[in-house]
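structure_35.pdb (PDB, C-alpha atoms) appears below.
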```pdb
ATOM      1  CA  MET A   1       0.000   0.000   0.000  1.00  0.00           C
ATOM      2  CA  THR A   2       1.100   3.576  -0.661  1.00  0.00           C
ATOM      3  CA  ASP A   3       2.159   5.875   2.163  1.00  0.00           C
ATOM      4  CA  LEU A   4      -0.805   8.088   1.278  1.00  0.00           C
ATOM      5  CA  LEU A   5      -3.217   5.183   1.699  1.00  0.00           C
ATOM      6  CA  HIS A   6      -1.889   4.452   5.197  1.00  0.00           C
ATOM      7  CA  LYS A   7      -2.514   8.102   6.139  1.00  0.00           C
ATOM      8  CA  VAL A   8      -5.993   7.997   4.602  1.00  0.00           C
ATOM      9  CA  PHE A   9      -6.927   4.906   6.611  1.00  0.00           C
ATOM     10  CA  ALA A  10      -5.634   6.504   9.809  1.00  0.00           C
ATOM     11  CA  ALA A  11      -7.572   9.729   9.194  1.00  0.00           C
ATOM     12  CA  HIS A  12     -10.819   7.783   8.728  1.00  0.00           C
ATOM     13  CA  GLY A  13     -10.426   5.787  11.943  1.00  0.00           C
ATOM     14  CA  GLY A  14      -7.794   3.164  11.198  1.00  0.00           C
ATOM     15  CA  LEU A  15      -7.814  -0.084   9.265  1.00  0.00           C
ATOM     16  CA  ASP A  16      -7.450  -2.238  12.370  1.00  0.00           C
ATOM     17  CA  ARG A  17     -10.524  -0.678  13.941  1.00  0.00           C
ATOM     18  CA  TRP A  18     -12.491  -0.970  10.693  1.00  0.00           C
ATOM     19  CA  THR A  19     -11.728  -4.666  10.303  1.00  0.00           C
ATOM     20  CA  SER A  20     -12.861  -5.352  13.875  1.00  0.00           C
ATOM     21  CA  PHE A  21     -16.433  -4.897  12.598  1.00  0.00           C
ATOM     22  CA  GLU A  22     -18.516  -6.898  10.113  1.00  0.00           C
ATOM     23  CA  LYS A  23     -21.114  -4.398   8.859  1.00  0.00           C
ATOM     24  CA  VAL A  24     -21.641  -0.660   8.431  1.00  0.00           C
ATOM     25  CA  SER A  25     -25.078   0.980   8.467  1.00  0.00           C
ATOM     26  CA  ALA A  26     -26.524   4.434   7.800  1.00  0.00           C
ATOM     27  CA  THR A  27     -29.855   6.136   7.249  1.00  0.00           C
ATOM     28  CA  ILE A  28     -30.035   7.797   3.831  1.00  0.00           C
ATOM     29  CA  ALA A  29     -32.347  10.247   2.093  1.00  0.00           C
ATOM     30  CA  SER A  30     -31.657  10.715  -1.606  1.00  0.00           C
ATOM     31  CA  GLY A  31     -32.773  12.685  -4.643  1.00  0.00           C
ATOM     32  CA  GLY A  32     -31.410  14.400  -7.730  1.00  0.00           C
ATOM     33  CA  GLU A  33     -31.917  14.659 -11.481  1.00  0.00           C
ATOM     34  CA  LEU A  34     -31.001  11.074 -12.281  1.00  0.00           C
ATOM     35  CA  TRP A  35     -34.229   9.592 -10.959  1.00  0.00           C
ATOM     36  CA  GLY A  36     -36.415  11.721 -13.244  1.00  0.00           C
ATOM     37  CA  MET A  37     -34.188  10.875 -16.194  1.00  0.00           C
ATOM     38  CA  LYS A  38     -34.851   7.210 -15.395  1.00  0.00           C
ATOM     39  CA  GLY A  39     -38.614   7.675 -15.141  1.00  0.00           C
ATOM     40  CA  ILE A  40     -38.547   7.197 -11.363  1.00  0.00           C
ATOM     41  CA  LYS A  41     -40.505   9.492  -9.049  1.00  0.00           C
ATOM     42  CA  GLU A  42     -38.155  11.178  -6.611  1.00  0.00           C
ATOM     43  CA  ASP A  43     -38.688   9.837  -3.107  1.00  0.00           C
ATOM     44  CA  SER A  44     -36.802  11.302  -0.160  1.00  0.00           C
ATOM     45  CA  THR A  45     -38.163   8.736   2.328  1.00  0.00           C
ATOM     46  CA  PRO A  46     -35.379   7.879   4.818  1.00  0.00           C
ATOM     47  CA  ARG A  47     -34.046   4.360   4.301  1.00  0.00           C
ATOM     48  CA  ARG A  48     -31.778   2.219   6.438  1.00  0.00           C
ATOM     49  CA  VAL A  49     -28.847   0.779   4.507  1.00  0.00           C
ATOM     50  CA  THR A  50     -26.542  -1.956   5.827  1.00  0.00           C
ATOM     51  CA  ALA A  51     -23.448  -3.144   3.965  1.00  0.00           C
ATOM     52  CA  ASP A  52     -21.087  -6.011   4.675  1.00  0.00           C
ATOM     53  CA  ILE A  53     -17.483  -4.815   4.856  1.00  0.00           C
ATOM     54  CA  ARG A  54     -15.849  -8.007   3.519  1.00  0.00           C
ATOM     55  CA  ARG A  55     -18.180  -9.158   0.755  1.00  0.00           C
ATOM     56  CA  GLU A  56     -20.475  -7.286  -1.616  1.00  0.00           C
ATOM     57  CA  TRP A  57     -23.837  -7.455   0.136  1.00  0.00           C
ATOM     58  CA  VAL A  58     -26.317  -4.666   0.913  1.00  0.00           C
ATOM     59  CA  SER A  59     -29.725  -4.492   2.569  1.00  0.00           C
ATOM     60  CA  VAL A  60     -32.058  -1.480   2.181  1.00  0.00           C
ATOM     61  CA  ALA A  61     -35.392  -0.891   3.909  1.00  0.00           C
ATOM     62  CA  PRO A  62     -37.972   0.286   3.135  1.00  0.00           C
ATOM     63  CA  ALA A  63     -37.773  -0.483  -0.594  1.00  0.00           C
ATOM     64  CA  GLY A  64     -40.754   0.979  -2.439  1.00  0.00           C
ATOM     65  CA  ASN A  65     -43.224  -0.059   0.252  1.00  0.00           C
ATOM     66  CA  PRO A  66     -42.990   0.325   4.046  1.00  0.00           C
ATOM     67  CA  ASP A  67     -43.097  -3.458   4.365  1.00  0.00           C
ATOM     68  CA  TRP A  68     -40.493  -4.302   1.710  1.00  0.00           C
ATOM     69  CA  ARG A  69     -36.720  -4.827   1.873  1.00  0.00           C
ATOM     70  CA  LEU A  70     -34.088  -4.884  -0.872  1.00  0.00           C
ATOM     71  CA  THR A  71     -31.162  -7.289  -0.764  1.00  0.00           C
ATOM     72  CA  PHE A  72     -28.322  -6.849  -3.240  1.00  0.00           C
ATOM     73  CA  THR A  73     -25.461  -9.120  -4.237  1.00  0.00           C
ATOM     74  CA  PRO A  74     -23.643  -9.116  -7.593  1.00  0.00           C
ATOM     75  CA  GLU A  75     -25.428 -12.344  -8.515  1.00  0.00           C
ATOM     76  CA  ARG A  76     -28.972 -11.438  -7.461  1.00  0.00           C
ATOM     77  CA  THR A  77     -31.157  -8.494  -6.566  1.00  0.00           C
ATOM     78  CA  VAL A  78     -34.387  -9.231  -4.692  1.00  0.00           C
ATOM     79  CA  ILE A  79     -37.207  -7.230  -3.099  1.00  0.00           C
ATOM     80  CA  GLU A  80     -39.005  -9.110  -0.328  1.00  0.00           C
ATOM     81  CA  ALA A  81     -41.915  -8.464   2.021  1.00  0.00           C
ATOM     82  CA  SER A  82     -41.555  -8.823   5.781  1.00  0.00           C
ATOM     83  CA  ASP A  83     -42.909 -12.376   5.566  1.00  0.00           C
ATOM     84  CA  HIS A  84     -40.033 -13.184   3.134  1.00  0.00           C
ATOM     85  CA  SER A  85     -42.359 -13.537   0.149  1.00  0.00           C
ATOM     86  CA  ILE A  86     -40.623 -12.351  -3.023  1.00  0.00           C
ATOM     87  CA  ILE A  87     -42.034  -9.218  -4.636  1.00  0.00           C
ATOM     88  CA  ALA A  88     -39.481  -9.103  -7.475  1.00  0.00           C
ATOM     89  CA  GLU A  89     -36.071 -10.569  -8.188  1.00  0.00           C
ATOM     90  CA  ARG A  90     -33.431 -10.645 -10.907  1.00  0.00           C
ATOM     91  CA  SER A  91     -30.466 -12.978 -11.288  1.00  0.00           C
ATOM     92  CA  HIS A  92     -27.313 -11.665 -12.976  1.00  0.00           C
ATOM     93  CA  PRO A  93     -28.768  -8.137 -12.752  1.00  0.00           C
ATOM     94  CA  ARG A  94     -25.923  -6.349 -14.548  1.00  0.00           C
ATOM     95  CA  ALA A  95     -26.987  -7.937 -17.843  1.00  0.00           C
ATOM     96  CA  ALA A  96     -30.310  -6.074 -17.662  1.00  0.00           C
ATOM     97  CA  PHE A  97     -28.472  -2.799 -18.402  1.00  0.00           C
ATOM     98  CA  ALA A  98     -27.253  -3.818 -21.860  1.00  0.00           C
ATOM     99  CA  ASN A  99     -27.321  -0.875 -24.311  1.00  0.00           C
ATOM    100  CA  HIS A 100     -28.636   1.543 -21.693  1.00  0.00           C
ATOM    101  CA  THR A 101     -28.018   5.267 -22.125  1.00  0.00           C
ATOM    102  CA  LEU A 102     -28.370   8.140 -19.676  1.00  0.00           C
ATOM    103  CA  ASN A 103     -32.086   8.444 -20.423  1.00  0.00           C
ATOM    104  CA  THR A 104     -33.048   4.758 -20.586  1.00  0.00           C
ATOM    105  CA  PRO A 105     -35.898   4.145 -18.097  1.00  0.00           C
ATOM    106  CA  TRP A 106     -35.295   1.879 -15.126  1.00  0.00           C
ATOM    107  CA  ASP A 107     -37.620  -0.543 -13.413  1.00  0.00           C
ATOM    108  CA  PRO A 108     -37.480  -1.078  -9.610  1.00  0.00           C
ATOM    109  CA  LEU A 109     -34.880  -3.840  -9.951  1.00  0.00           C
ATOM    110  CA  HIS A 110     -32.613  -1.643 -12.094  1.00  0.00           C
ATOM    111  CA  ARG A 111     -32.764   0.986  -9.374  1.00  0.00           C
ATOM    112  CA  SER A 112     -32.246  -1.616  -6.656  1.00  0.00           C
ATOM    113  CA  TYR A 113     -29.105  -2.948  -8.323  1.00  0.00           C
ATOM    114  CA  PHE A 114     -27.696   0.567  -8.820  1.00  0.00           C
ATOM    115  CA  THR A 115     -28.476   1.518  -5.222  1.00  0.00           C
ATOM    116  CA  GLY A 116     -26.957  -1.719  -3.917  1.00  0.00           C
ATOM    117  CA  TYR A 117     -23.568  -1.524  -5.578  1.00  0.00           C
ATOM    118  CA  ALA A 118     -23.297   2.249  -5.158  1.00  0.00           C
ATOM    119  CA  MET A 119     -24.043   2.208  -1.433  1.00  0.00           C
ATOM    120  CA  TRP A 120     -21.703  -0.728  -0.868  1.00  0.00           C
ATOM    121  CA  THR A 121     -18.924   1.299  -2.507  1.00  0.00           C
ATOM    122  CA  TYR A 122     -19.725   4.514  -0.647  1.00  0.00           C
ATOM    123  CA  LEU A 123     -20.152   3.039   2.826  1.00  0.00           C
ATOM    124  CA  ASN A 124     -16.924   1.055   2.527  1.00  0.00           C
ATOM    125  CA  THR A 125     -14.789   3.935   1.231  1.00  0.00           C
ATOM    126  CA  PRO A 126     -11.840   4.291   1.772  1.00  0.00           C
ATOM    127  CA  PHE A 127     -11.330   0.885   3.416  1.00  0.00           C
ATOM    128  CA  ILE A 128     -12.505  -0.888   0.281  1.00  0.00           C
ATOM    129  CA  MET A 129      -8.975  -0.207  -1.016  1.00  0.00           C
ATOM    130  CA  ALA A 130      -7.521  -2.758   1.423  1.00  0.00           C
ATOM    131  CA  LEU A 131      -9.677  -5.622   0.135  1.00  0.00           C
ATOM    132  CA  PRO A 132      -8.081  -8.433  -1.912  1.00  0.00           C
ATOM    133  CA  ASP A 133      -7.392  -7.762  -5.587  1.00  0.00           C
ATOM    134  CA  PHE A 134      -7.955  -3.999  -5.425  1.00  0.00           C
ATOM    135  CA  SER A 135      -5.096  -2.101  -7.099  1.00  0.00           C
ATOM    136  CA  VAL A 136      -4.213   1.382  -5.816  1.00  0.00           C
ATOM    137  CA  GLU A 137      -1.813   3.992  -7.201  1.00  0.00           C
ATOM    138  CA  GLU A 138      -1.290   7.675  -6.498  1.00  0.00           C
ATOM    139  CA  ILE A 139      -1.658   9.964  -9.515  1.00  0.00           C
ATOM    140  CA  ALA A 140      -1.170  13.693 -10.092  1.00  0.00           C
ATOM    141  CA  PRO A 141      -2.677  15.978  -7.435  1.00  0.00           C
ATOM    142  CA  TRP A 142      -5.731  18.158  -8.017  1.00  0.00           C
ATOM    143  CA  GLN A 143      -5.990  21.847  -7.145  1.00  0.00           C
ATOM    144  CA  GLU A 144      -9.357  22.751  -5.621  1.00  0.00           C
ATOM    145  CA  GLY A 145      -9.480  26.420  -4.640  1.00  0.00           C
ATOM    146  CA  ASP A 146      -6.608  27.029  -2.239  1.00  0.00           C
ATOM    147  CA  GLU A 147      -6.241  23.329  -1.353  1.00  0.00           C
ATOM    148  CA  THR A 148      -4.148  20.662  -3.036  1.00  0.00           C
ATOM    149  CA  TRP A 149      -5.910  17.299  -3.004  1.00  0.00           C
ATOM    150  CA  ARG A 150      -3.960  14.089  -3.439  1.00  0.00           C
ATOM    151  CA  VAL A 151      -5.565  11.467  -5.644  1.00  0.00           C
ATOM    152  CA  LEU A 152      -5.676   7.674  -5.530  1.00  0.00           C
ATOM    153  CA  ARG A 153      -6.658   5.774  -8.656  1.00  0.00           C
ATOM    154  CA  VAL A 154      -8.290   2.477  -7.725  1.00  0.00           C
ATOM    155  CA  THR A 155      -8.813  -0.469 -10.062  1.00  0.00           C
ATOM    156  CA  PHE A 156     -11.627  -2.720  -8.867  1.00  0.00           C
ATOM    157  CA  PRO A 157     -11.446  -6.494  -9.335  1.00  0.00           C
ATOM    158  CA  ALA A 158     -13.747  -7.955 -11.978  1.00  0.00           C
ATOM    159  CA  ALA A 159     -15.791  -9.791  -9.354  1.00  0.00           C
ATOM    160  CA  VAL A 160     -16.829  -6.540  -7.654  1.00  0.00           C
ATOM    161  CA  GLU A 161     -19.769  -4.612  -9.109  1.00  0.00           C
ATOM    162  CA  SER A 162     -19.481  -0.826  -9.025  1.00  0.00           C
ATOM    163  CA  HIS A 163     -19.852   2.211 -11.265  1.00  0.00           C
ATOM    164  CA  CYS A 164     -16.840   1.325 -13.434  1.00  0.00           C
ATOM    165  CA  PRO A 165     -13.579  -0.646 -13.153  1.00  0.00           C
ATOM    166  CA  VAL A 166     -11.299   2.355 -12.496  1.00  0.00           C
ATOM    167  CA  GLN A 167     -12.286   5.138 -10.089  1.00  0.00           C
ATOM    168  CA  GLU A 168     -10.441   8.069  -8.503  1.00  0.00           C
ATOM    169  CA  PHE A 169     -10.614   9.286  -4.903  1.00  0.00           C
ATOM    170  CA  TYR A 170      -9.435  12.739  -3.767  1.00  0.00           C
ATOM    171  CA  PHE A 171      -8.153  13.510  -0.273  1.00  0.00           C
ATOM    172  CA  GLY A 172      -7.525  16.863   1.404  1.00  0.00           C
ATOM    173  CA  PRO A 173      -4.514  17.982   3.473  1.00  0.00           C
ATOM    174  CA  ASP A 174      -6.131  16.239   6.464  1.00  0.00           C
ATOM    175  CA  PHE A 175      -6.253  12.989   4.396  1.00  0.00           C
ATOM    176  CA  LEU A 176     -10.061  12.900   4.563  1.00  0.00           C
ATOM    177  CA  LEU A 177     -12.134  12.112   1.481  1.00  0.00           C
ATOM    178  CA  ARG A 178     -13.226  15.151  -0.533  1.00  0.00           C
ATOM    179  CA  ARG A 179     -14.306  13.813  -3.921  1.00  0.00           C
ATOM    180  CA  HIS A 180     -14.926  10.575  -5.823  1.00  0.00           C
ATOM    181  CA  ASP A 181     -14.803  10.369  -9.658  1.00  0.00           C
ATOM    182  CA  TYR A 182     -16.288   7.599 -11.783  1.00  0.00           C
ATOM    183  CA  GLN A 183     -18.329   6.904 -14.884  1.00  0.00           C
ATOM    184  CA  VAL A 184     -21.680   5.139 -14.630  1.00  0.00           C
ATOM    185  CA  ASP A 185     -21.307   2.205 -17.014  1.00  0.00           C
ATOM    186  CA  VAL A 186     -24.868   0.957 -16.407  1.00  0.00           C
ATOM    187  CA  SER A 187     -26.188   4.257 -17.801  1.00  0.00           C
ATOM    188  CA  GLY A 188     -24.161   4.950 -20.920  1.00  0.00           C
ATOM    189  CA  GLY A 189     -20.920   5.663 -19.086  1.00  0.00           C
ATOM    190  CA  PHE A 190     -21.680   9.262 -18.121  1.00  0.00           C
ATOM    191  CA  PRO A 191     -18.827  10.834 -16.087  1.00  0.00           C
ATOM    192  CA  ALA A 192     -19.549  12.093 -12.564  1.00  0.00           C
ATOM    193  CA  ALA A 193     -17.675  13.977  -9.867  1.00  0.00           C
ATOM    194  CA  GLN A 194     -19.123  13.242  -6.437  1.00  0.00           C
ATOM    195  CA  TYR A 195     -18.207  15.677  -3.674  1.00  0.00           C
ATOM    196  CA  VAL A 196     -18.532  14.741  -0.004  1.00  0.00           C
ATOM    197  CA  TYR A 197     -19.068  17.060   2.958  1.00  0.00           C
ATOM    198  CA  ASP A 198     -19.559  17.340   6.707  1.00  0.00           C
ATOM    199  CA  MET A 199     -17.593  14.436   8.131  1.00  0.00           C
ATOM    200  CA  VAL A 200     -19.095  12.758  11.196  1.00  0.00           C
ATOM    201  CA  GLU A 201     -17.766  10.052  13.509  1.00  0.00           C
ATOM    202  CA  ALA A 202     -19.445   6.788  14.493  1.00  0.00           C
ATOM    203  CA  ASP A 203     -17.787   4.013  16.512  1.00  0.00           C
ATOM    204  CA  GLY A 204     -14.423   5.647  15.873  1.00  0.00           C
ATOM    205  CA  ILE A 205     -14.839   5.727  12.064  1.00  0.00           C
ATOM    206  CA  ARG A 206     -15.304   8.938  10.064  1.00  0.00           C
ATOM    207  CA  PHE A 207     -17.891   9.238   7.289  1.00  0.00           C
ATOM    208  CA  PRO A 208     -19.354  12.028   5.120  1.00  0.00           C
ATOM    209  CA  ALA A 209     -22.853  13.236   5.975  1.00  0.00           C
ATOM    210  CA  LYS A 210     -23.509  14.557   2.458  1.00  0.00           C
ATOM    211  CA  ARG A 211     -22.724  13.325  -1.049  1.00  0.00           C
ATOM    212  CA  ARG A 212     -23.433  15.326  -4.196  1.00  0.00           C
ATOM    213  CA  ALA A 213     -22.737  13.880  -7.664  1.00  0.00           C
ATOM    214  CA  HIS A 214     -22.384  16.401 -10.496  1.00  0.00           C
ATOM    215  CA  PRO A 215     -21.704  15.949 -14.219  1.00  0.00           C
ATOM    216  CA  ARG A 216     -17.948  15.947 -14.816  1.00  0.00           C
ATOM    217  CA  ARG A 217     -16.624  17.998 -17.733  1.00  0.00           C
ATOM    218  CA  ALA A 218     -13.763  16.945 -20.014  1.00  0.00           C
ATOM    219  CA  ASP A 219     -11.353  19.138 -18.017  1.00  0.00           C
ATOM    220  CA  GLY A 220     -12.297  17.335 -14.796  1.00  0.00           C
ATOM    221  CA  GLN A 221     -14.296  20.251 -13.413  1.00  0.00           C
ATOM    222  CA  PRO A 222     -17.790  19.568 -12.037  1.00  0.00           C
ATOM    223  CA  ASP A 223     -20.906  21.223 -13.431  1.00  0.00           C
ATOM    224  CA  ARG A 224     -22.237  22.450 -10.105  1.00  0.00           C
ATOM    225  CA  ASP A 225     -25.388  23.812 -11.714  1.00  0.00           C
ATOM    226  CA  ARG A 226     -26.609  20.234 -11.980  1.00  0.00           C
ATOM    227  CA  THR A 227     -26.795  17.463  -9.390  1.00  0.00           C
ATOM    228  CA  TYR A 228     -27.367  13.957 -10.703  1.00  0.00           C
ATOM    229  CA  VAL A 229     -27.642  12.425  -7.247  1.00  0.00           C
ATOM    230  CA  ARG A 230     -27.728  13.858  -3.742  1.00  0.00           C
ATOM    231  CA  ILE A 231     -27.513  11.710  -0.631  1.00  0.00           C
ATOM    232  CA  ASP A 232     -27.808  12.816   2.974  1.00  0.00           C
ATOM    233  CA  LEU A 233     -26.479  10.253   5.448  1.00  0.00           C
ATOM    234  CA  SER A 234     -27.033  10.060   9.202  1.00  0.00           C
ATOM    235  CA  GLU A 235     -27.159   7.622  12.114  1.00  0.00           C
ATOM    236  CA  TYR A 236     -24.065   5.737  11.033  1.00  0.00           C
ATOM    237  CA  GLY A 237     -23.222   2.631  13.006  1.00  0.00           C
ATOM    238  CA  MET A 238     -20.788  -0.299  12.956  1.00  0.00           C
ATOM    239  CA  SER A 239     -21.620  -3.821  14.056  1.00  0.00           C
TER
END
```

Rewrite the structure from the file as structure tokens, please.
Amino acid sequence: MTDLLHKVFAAHGGLDRWTSFEKVSATIASGGELWGMKGIKEDSTPRRVTADIRREWVSVAPAGNPDWRLTFTPERTVIEASDHSIIAERSHPRAAFANHTLNTPWDPLHRSYFTGYAMWTYLNTPFIMALPDFSVEEIAPWQEGDETWRVLRVTFPAAVESHCPVQEFYFGPDFLLRRHDYQVDVSGGFPAAQYVYDMVEADGIRFPAKRRAHPRRADGQPDRDRTYVRIDLSEYGMS
């Protein structure tokens, strides 16, 4: 691991402390332009999200109905009622995005898959970079106002579902996460720059309370006049 990555882990609470837990949870409320572009009514209902920290698994409740729960893995996305009856499910869900563009409508299972892999990535950042088969390298720094942000380029293993195989994470002088760049391959590969704000601490680990994903221009600058996705996060907890 790079020296920068060691400092990043320490700033966010420490890798040893992180790996003493099994799951991370948060309450989220989300919105933004993307949902309308996908034909989905924006819904800011608070949802409880739990992610495993060692394998790609996410649970979200409620999921479209107060009595329903979403469970995501790379192999299967399922929405179940409280009595465990299946409302909808899809095996090999990534294949359902073939030929999608930014404006291709999504059904509830498309959204569930996107939410599952995205929240697994976000809740596990930056400690995801210590998992097996992740490749990390430091690249040229980024100037943001009067701050210089150091940047880690992360290559995800093929077995892990996420926005795209190669993503970039920006860290401030305090080594805390500031920004996360990616392209959304399941929606035509549009480029995004996601900024994070208002770090909070839970069980000794530090997390952002706000995430805002903007279109990313060719020069790397965000288009702050537009927000594809906004997420407010609270009530973090480790277990």

Between A:Val151, A:Ile79, A:Met238, A:Ile231, single out the one closest to Thr45 of chain A, counting only C-alpha atoms.
->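 For Thr45 of chain A, the nearest of the candidates is A:Ile231.
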
Could you pull the residues within 10 Å of Ala140 of chain A, counting all atoms listed in the file, minus those fewer than 3 positions along the same chain, as a list in words?
->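 After dropping sequence-adjacent residues, the list is Gln143, Trp149, Arg150, Val151, Leu152 and Arg153 of chain A.
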
Return the single residue from A:Arg48, A:His100, A:His12, A:Arg94 that is closest to Tyr117 of chain A, with distances computed using only C-alpha atoms.
-> A:Arg94

Can you give me, as a list in words, the residues this file yields under the PyMOL selection byres ((chain A and resi 78) around 6)?
->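 The output of the PyMOL selection byres ((chain A and resi 78) around 6) on this file is Leu70, Thr71, Thr77, Ile79, Ala88 and Glu89 of chain A.
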
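Proximity ranking of A:Pro157, A:Pro62, A:Pro126, A:Gly172 relative to Phe9 of chain A places A:Pro126 first, based on all atoms listed in the file.
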
Can you work out the spacing between atom CA of Tyr182 of chain A and atom CA of Glu138 of chain A in Å, to one decimal?
->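 So the two atoms, atom CA of Tyr182 of chain A and atom CA of Glu138 of chain A, lie 15.9 Å apart.
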
Near-segment 188-195 of chain A list (10 Å; only C-alpha atoms; drop same-chain fewer than 6 positions) as number ranges by chain = A: 97-104, 163-164, 168-170, 177-182, 208, 210-218, 220-224, 227-230

Per residue of segment 122-200 of chain A within 8 Å of segment 13-32 of chain A, which atom pair is closest and at what distance in Å (one decimal), using only C-alpha atoms, listed by chain and increasing number, as CSV?
```
residue,atom,partner,partner_atom,distance
A:Leu123,CA,A:Val24,CA,6.9
A:Asn124,CA,A:Val24,CA,7.7
A:Phe127,CA,A:Leu15,CA,6.9
```

Since we have the selection now, will you write its residues out, keeping C-alpha atoms, as a compact mmCIF listing (two decimals), in the coordinates of the input?
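Writing the result to result.txt gives the following:
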```
# COMPACT_ATOMS: atom_id res chain seq x y z
CA LEU A 123 -20.15 3.04 2.83
CA ASN A 124 -16.92 1.06 2.53
CA PHE A 127 -11.33 0.88 3.42
```

Mind telling me what the PyMOL selection byres ((chain A and resi 135) around 7) catches here, as a list in words?
->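 Applying the PyMOL selection byres ((chain A and resi 135) around 7) to the structure shown produces Asp133, Phe134, Val136, Glu137, Val154, Thr155 and Phe156 of chain A.
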
Write to file, as a compact mmCIF listing (two decimals), in the coordinates of the input, the residues of the selection just made, with C-alpha atoms.
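Generated file (selection-v5.txt):
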```
# COMPACT_ATOMS: atom_id res chain seq x y z
CA ASP A 133 -7.39 -7.76 -5.59
CA PHE A 134 -7.96 -4.00 -5.42
CA VAL A 136 -4.21 1.38 -5.82
CA GLU A 137 -1.81 3.99 -7.20
CA VAL A 154 -8.29 2.48 -7.72
CA THR A 155 -8.81 -0.47 -10.06
CA PHE A 156 -11.63 -2.72 -8.87
```
